[in-house]
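All remarks here apply to the structure that follows.
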Amino acid sequence: MIALSVAILLFASTATTAAAPAAQPPGQLRQVTYKVSTGTRTYSGGEHYEGYSSNSTATVDNGTVIVDVTAVQSDTIGMSVTEQMSAAGGPVTYNGTVMPDGSVNFAPDTIKDVTRELLQYFGPDMISADKLTLGSTWDVNLNSNGVVAKTNYKVTKVDGGLVTLAEHQTITFSTQNATVSTEGTVTLKPSLLVPVSGDLHRTVNRLSLSGNNKTDVSLHFERVSDTLDQPAK
């Protein structure tokens, strides 16, 4: 478990010489704003009566994600998340929770992949304090309902209060003949239970009767403000 409990984190003042954070609206315990960007390129191909055919499409989007922490109970964090993207539009607000282990509980087809990726690092028990040293590595495995997920984390850099992780993940879906592979880096500020930045590349491979489908996804996020950390770094 990360040393600071969520309760202490949300109600204690930060150890910084900067000016005190501005007053927060009633019901809002913390607000963190991120600049995000995503890119997606999809390739598809297969054999048909007319022969082999292939196609590719690409999309890009960027915008902001505002995370409002609204409640904490037994280290489960209640959140209101507002996304505003250039291409997708918005703002759109969704409500959900992040469990102590980093599990993100928002309804399907709501928050975007980049948002779901960063939210997990708010979980207070996702990374234990004894793993926050240079070179530490550990695995997290899940096998449930035809989904097998294997994730490896390694601490590649410690810079003052910031810790950078390398993430390598593979997920297989037996019922959908699909595999998802993700790799990249995420920088955290463990003392404040907050992700600072991240760059990840995700590849989704699907096999169907009509052929193969491959999607490459790039995800980037960087924190630009935090009411518990002024200035946000």
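The chains in the structure tokens are called A, B, ... from first to last as shown; in each chain the residues are counted from 1, and the ligands are counted from 1 in the order shown.
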Using DSSP on the backbone, list every residue of range 37-209 of chain A that comes out as strand (DSSP E or B), and give them as a VMD selection string.
-> chain A and resid 37 to 48 51 to 73 76 to 85 89 to 98 104 to 105 137 to 144 147 to 159 162 to 173 178 to 189 194 to 208
Find the residues of range 51-154 of chain A that sit at most 7 Å from range 190-197 of chain A; for each, write down the nearest two atoms and how far apart they are in Å, to one decimal. Count only C-alpha atoms. Sort by chain, then by number going up, and give it as a Markdown table.
| residue | atom | partner | partner_atom | distance |
| --- | --- | --- | --- | --- |
| A:Leu118 | CA | A:Pro195 | CA | 6.5 |
| A:Tyr121 | CA | A:Pro195 | CA | 5.9 |
| A:Phe122 | CA | A:Leu193 | CA | 5.4 |
| A:Pro124 | CA | A:Leu193 | CA | 6.4 |
Pick out the residues sitting within 7 Å of Met85 in chain A, and hand them over as a list in words; count only C-alpha atoms, and ignore anything fewer than 6 positions along from it in its own chain.
-> Asp61, Asn62, Gly63 and Thr64 of chain A
Find, counting only C-alpha atoms, the residue in A:Asn213, A:Thr97, A:Thr172, A:Thr187 that gets nearest to Leu132 in chain A.
-> A:Thr187
Would you list the contacts of Phe173 in chain A as number ranges by chain, taking every protein, DNA or RNA residue within 7 Å and counting only C-alpha atoms, but skipping same-chain residues closer than 3 positions in sequence?
-> A: 146-148, 176-179
Convert the current residue selection to file output with all heavy atoms, as a PDB file, in the first residue's frame.
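Writing done, so here's selection.pdb:
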ATOM      1  N   GLY A 146     -12.819 -16.041 -19.574  1.00  0.00           N
ATOM      2  CA  GLY A 146     -12.243 -16.050 -20.911  1.00  0.00           C
ATOM      3  C   GLY A 146     -11.293 -14.916 -21.208  1.00  0.00           C
ATOM      4  O   GLY A 146     -10.816 -14.779 -22.341  1.00  0.00           O
ATOM      5  N   VAL A 147     -11.005 -14.090 -20.205  1.00  0.00           N
ATOM      6  CA  VAL A 147     -10.054 -12.981 -20.364  1.00  0.00           C
ATOM      7  C   VAL A 147      -8.811 -13.290 -19.545  1.00  0.00           C
ATOM      8  O   VAL A 147      -8.889 -13.509 -18.334  1.00  0.00           O
ATOM      9  CB  VAL A 147     -10.672 -11.649 -19.898  1.00  0.00           C
ATOM     10  CG1 VAL A 147      -9.658 -10.521 -20.055  1.00  0.00           C
ATOM     11  CG2 VAL A 147     -11.939 -11.339 -20.683  1.00  0.00           C
ATOM     12  N   VAL A 148      -7.665 -13.312 -20.216  1.00  0.00           N
ATOM     13  CA  VAL A 148      -6.395 -13.545 -19.546  1.00  0.00           C
ATOM     14  C   VAL A 148      -5.521 -12.306 -19.737  1.00  0.00           C
ATOM     15  O   VAL A 148      -5.210 -11.930 -20.870  1.00  0.00           O
ATOM     16  CB  VAL A 148      -5.674 -14.788 -20.101  1.00  0.00           C
ATOM     17  CG1 VAL A 148      -4.324 -14.970 -19.412  1.00  0.00           C
ATOM     18  CG2 VAL A 148      -6.543 -16.031 -19.934  1.00  0.00           C
ATOM     19  N   GLN A 176     -13.506 -13.817 -28.381  1.00  0.00           N
ATOM     20  CA  GLN A 176     -13.514 -12.862 -29.486  1.00  0.00           C
ATOM     21  C   GLN A 176     -12.330 -13.028 -30.426  1.00  0.00           C
ATOM     22  O   GLN A 176     -12.172 -12.255 -31.365  1.00  0.00           O
ATOM     23  CB  GLN A 176     -13.518 -11.430 -28.936  1.00  0.00           C
ATOM     24  CG  GLN A 176     -14.706 -11.124 -28.044  1.00  0.00           C
ATOM     25  CD  GLN A 176     -14.659  -9.694 -27.521  1.00  0.00           C
ATOM     26  OE1 GLN A 176     -14.183  -8.772 -28.180  1.00  0.00           O
ATOM     27  NE2 GLN A 176     -15.142  -9.493 -26.309  1.00  0.00           N
ATOM     28  N   ASN A 177     -11.470 -14.038 -30.170  1.00  0.00           N
ATOM     29  CA  ASN A 177     -10.264 -14.241 -30.984  1.00  0.00           C
ATOM     30  C   ASN A 177      -9.487 -12.921 -31.117  1.00  0.00           C
ATOM     31  O   ASN A 177      -9.091 -12.517 -32.209  1.00  0.00           O
ATOM     32  CB  ASN A 177     -10.625 -14.768 -32.373  1.00  0.00           C
ATOM     33  CG  ASN A 177     -11.088 -16.210 -32.339  1.00  0.00           C
ATOM     34  OD1 ASN A 177     -10.567 -17.013 -31.566  1.00  0.00           O
ATOM     35  ND2 ASN A 177     -12.067 -16.543 -33.158  1.00  0.00           N
ATOM     36  N   ALA A 178      -9.288 -12.267 -29.989  1.00  0.00           N
ATOM     37  CA  ALA A 178      -8.618 -10.970 -29.995  1.00  0.00           C
ATOM     38  C   ALA A 178      -7.503 -10.944 -28.964  1.00  0.00           C
ATOM     39  O   ALA A 178      -7.585 -11.587 -27.911  1.00  0.00           O
ATOM     40  CB  ALA A 178      -9.616  -9.851 -29.705  1.00  0.00           C
ATOM     41  N   THR A 179      -6.449 -10.196 -29.296  1.00  0.00           N
ATOM     42  CA  THR A 179      -5.329  -9.989 -28.395  1.00  0.00           C
ATOM     43  C   THR A 179      -5.013  -8.500 -28.348  1.00  0.00           C
ATOM     44  O   THR A 179      -4.966  -7.836 -29.394  1.00  0.00           O
ATOM     45  CB  THR A 179      -4.079 -10.758 -28.859  1.00  0.00           C
ATOM     46  OG1 THR A 179      -4.382 -12.150 -28.927  1.00  0.00           O
ATOM     47  CG2 THR A 179      -2.919 -10.550 -27.897  1.00  0.00           C
TER      48      THR A 179
END
So which residues touch Thr170 in chain A within 8 Å, counting only C-alpha atoms, skipping near sequence neighbours fewer than 5 positions away, as a ChimeraX atom specification?
-> /A:149-151,179-182
Using all heavy atoms, can you write the selected residues to a file as a PDB file, in the first residue's frame?
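Wrote it out as selection35.pdb, contents follow:
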ATOM      1  N   ALA A 149      -5.175 -11.646 -18.641  1.00  0.00           N
ATOM      2  CA  ALA A 149      -4.366 -10.427 -18.697  1.00  0.00           C
ATOM      3  C   ALA A 149      -3.083 -10.634 -17.900  1.00  0.00           C
ATOM      4  O   ALA A 149      -3.127 -11.104 -16.753  1.00  0.00           O
ATOM      5  CB  ALA A 149      -5.143  -9.241 -18.142  1.00  0.00           C
ATOM      6  N   LYS A 150      -1.965 -10.306 -18.515  1.00  0.00           N
ATOM      7  CA  LYS A 150      -0.663 -10.398 -17.860  1.00  0.00           C
ATOM      8  C   LYS A 150       0.030  -9.044 -18.016  1.00  0.00           C
ATOM      9  O   LYS A 150       0.243  -8.579 -19.142  1.00  0.00           O
ATOM     10  CB  LYS A 150       0.178 -11.503 -18.482  1.00  0.00           C
ATOM     11  CG  LYS A 150      -0.435 -12.896 -18.350  1.00  0.00           C
ATOM     12  CD  LYS A 150       0.449 -13.954 -18.992  1.00  0.00           C
ATOM     13  CE  LYS A 150      -0.166 -15.340 -18.835  1.00  0.00           C
ATOM     14  NZ  LYS A 150       0.697 -16.387 -19.449  1.00  0.00           N
ATOM     15  N   THR A 151       0.357  -8.426 -16.893  1.00  0.00           N
ATOM     16  CA  THR A 151       0.974  -7.109 -16.908  1.00  0.00           C
ATOM     17  C   THR A 151       2.266  -7.131 -16.108  1.00  0.00           C
ATOM     18  O   THR A 151       2.294  -7.648 -14.979  1.00  0.00           O
ATOM     19  CB  THR A 151       0.037  -6.038 -16.318  1.00  0.00           C
ATOM     20  OG1 THR A 151      -1.244  -6.132 -16.934  1.00  0.00           O
ATOM     21  CG2 THR A 151       0.602  -4.646 -16.542  1.00  0.00           C
ATOM     22  N   THR A 179      -6.449 -10.196 -29.296  1.00  0.00           N
ATOM     23  CA  THR A 179      -5.329  -9.989 -28.395  1.00  0.00           C
ATOM     24  C   THR A 179      -5.013  -8.500 -28.348  1.00  0.00           C
ATOM     25  O   THR A 179      -4.966  -7.836 -29.394  1.00  0.00           O
ATOM     26  CB  THR A 179      -4.079 -10.758 -28.859  1.00  0.00           C
ATOM     27  OG1 THR A 179      -4.382 -12.150 -28.927  1.00  0.00           O
ATOM     28  CG2 THR A 179      -2.919 -10.550 -27.897  1.00  0.00           C
ATOM     29  N   VAL A 180      -4.788  -7.986 -27.142  1.00  0.00           N
ATOM     30  CA  VAL A 180      -4.437  -6.582 -26.963  1.00  0.00           C
ATOM     31  C   VAL A 180      -3.075  -6.516 -26.281  1.00  0.00           C
ATOM     32  O   VAL A 180      -2.882  -7.116 -25.213  1.00  0.00           O
ATOM     33  CB  VAL A 180      -5.482  -5.839 -26.116  1.00  0.00           C
ATOM     34  CG1 VAL A 180      -5.086  -4.375 -25.939  1.00  0.00           C
ATOM     35  CG2 VAL A 180      -6.867  -5.949 -26.745  1.00  0.00           C
ATOM     36  N   SER A 181      -2.133  -5.806 -26.902  1.00  0.00           N
ATOM     37  CA  SER A 181      -0.798  -5.638 -26.324  1.00  0.00           C
ATOM     38  C   SER A 181      -0.550  -4.155 -26.083  1.00  0.00           C
ATOM     39  O   SER A 181      -0.801  -3.332 -26.964  1.00  0.00           O
ATOM     40  CB  SER A 181       0.277  -6.198 -27.257  1.00  0.00           C
ATOM     41  OG  SER A 181       0.075  -7.581 -27.492  1.00  0.00           O
ATOM     42  N   THR A 182      -0.058  -3.826 -24.885  1.00  0.00           N
ATOM     43  CA  THR A 182       0.209  -2.430 -24.527  1.00  0.00           C
ATOM     44  C   THR A 182       1.601  -2.330 -23.936  1.00  0.00           C
ATOM     45  O   THR A 182       2.004  -3.167 -23.120  1.00  0.00           O
ATOM     46  CB  THR A 182      -0.815  -1.922 -23.496  1.00  0.00           C
ATOM     47  OG1 THR A 182      -2.133  -2.047 -24.023  1.00  0.00           O
ATOM     48  CG2 THR A 182      -0.558  -0.459 -23.161  1.00  0.00           C
TER      49      THR A 182
END
Pull the closest atom pair for each residue of range 133-200 of chain A that gets at most 10 Å from range 100-116 of chain A, along with the distance in Å to one decimal, counting only C-alpha atoms, ordering rows by chain and then ascending residue number, as JSON lines.
{"residue": "A:Gly198", "atom": "CA", "partner": "A:Val114", "partner_atom": "CA", "distance": 9.3}
{"residue": "A:Asp199", "atom": "CA", "partner": "A:Val114", "partner_atom": "CA", "distance": 9.6}
{"residue": "A:Leu200", "atom": "CA", "partner": "A:Val114", "partner_atom": "CA", "distance": 9.1}
Go ahead and dump the residues you just picked, N, CA, C and O atoms, as an mmCIF file, in the first residue's frame.
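result_33.cif written:
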data_model
loop_
_atom_site.group_PDB
_atom_site.id
_atom_site.type_symbol
_atom_site.label_atom_id
_atom_site.label_comp_id
_atom_site.auth_asym_id
_atom_site.auth_seq_id
_atom_site.Cartn_x
_atom_site.Cartn_y
_atom_site.Cartn_z
ATOM 1 N N GLY A 198 2.037 10.120 -19.160
ATOM 2 C CA GLY A 198 2.126 8.778 -19.692
ATOM 3 C C GLY A 198 2.133 8.769 -21.205
ATOM 4 O O GLY A 198 1.514 9.635 -21.844
ATOM 5 N N ASP A 199 2.868 7.829 -21.783
ATOM 6 C CA ASP A 199 2.895 7.592 -23.226
ATOM 7 C C ASP A 199 2.839 6.097 -23.452
ATOM 8 O O ASP A 199 3.748 5.371 -23.020
ATOM 9 N N LEU A 200 1.785 5.639 -24.121
ATOM 10 C CA LEU A 200 1.605 4.211 -24.322
ATOM 11 C C LEU A 200 1.204 3.924 -25.752
ATOM 12 O O LEU A 200 0.556 4.748 -26.404
#
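For range 84-183 of chain A, the set of residues given alpha helix (DSSP H) by DSSP on the backbone reads Asp113, Val114, Thr115, Arg116, Glu117, Leu118 and Leu119 of chain A.
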Pick from A:Ser44, A:Asp226, A:Val155, A:Gly184, whichever lies nearest to Glu167 in chain A using only C-alpha atoms | A:Gly184
Who sits within 7 Å of Thr70 in chain A, only C-alpha atoms, same chain under 5 positions skipped, as number ranges by chain = A: 27-29, 78-80
Dump as a compact mmCIF listing (two decimals), in the first residue's frame, selection limited to N, CA and C atoms:
# COMPACT_ATOMS: atom_id res chain seq x y z
N GLY A 27 -18.29 19.70 -2.14
CA GLY A 27 -18.45 18.37 -2.70
C GLY A 27 -17.29 17.91 -3.56
N GLN A 28 -16.33 18.80 -3.81
CA GLN A 28 -15.16 18.43 -4.60
C GLN A 28 -13.96 18.38 -3.67
N LEU A 29 -13.38 17.19 -3.52
CA LEU A 29 -12.24 17.01 -2.65
C LEU A 29 -10.93 17.31 -3.36
N GLY A 78 -14.69 7.95 -5.28
CA GLY A 78 -15.76 8.37 -6.17
C GLY A 78 -15.29 9.53 -7.02
N MET A 79 -15.59 9.46 -8.33
CA MET A 79 -15.07 10.46 -9.26
C MET A 79 -16.14 10.93 -10.23
N SER A 80 -16.01 12.18 -10.63
CA SER A 80 -16.75 12.74 -11.75
C SER A 80 -15.71 13.17 -12.78
Excluding Val32 in chain A and any residue of its chain fewer than 2 positions from it, enumerate the residues within 10 Å of it, using only C-alpha atoms, and give them as number ranges by chain.
-> A: 30, 34, 65-69, 81, 194-196, 223-229, 232
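One finds CA of Ser218 in chain A at 8.1 Å from CA of Ser37 in chain A.
The space between CA of Val92 in chain A and CA of Gln31 in chain A spans 16.0 Å.
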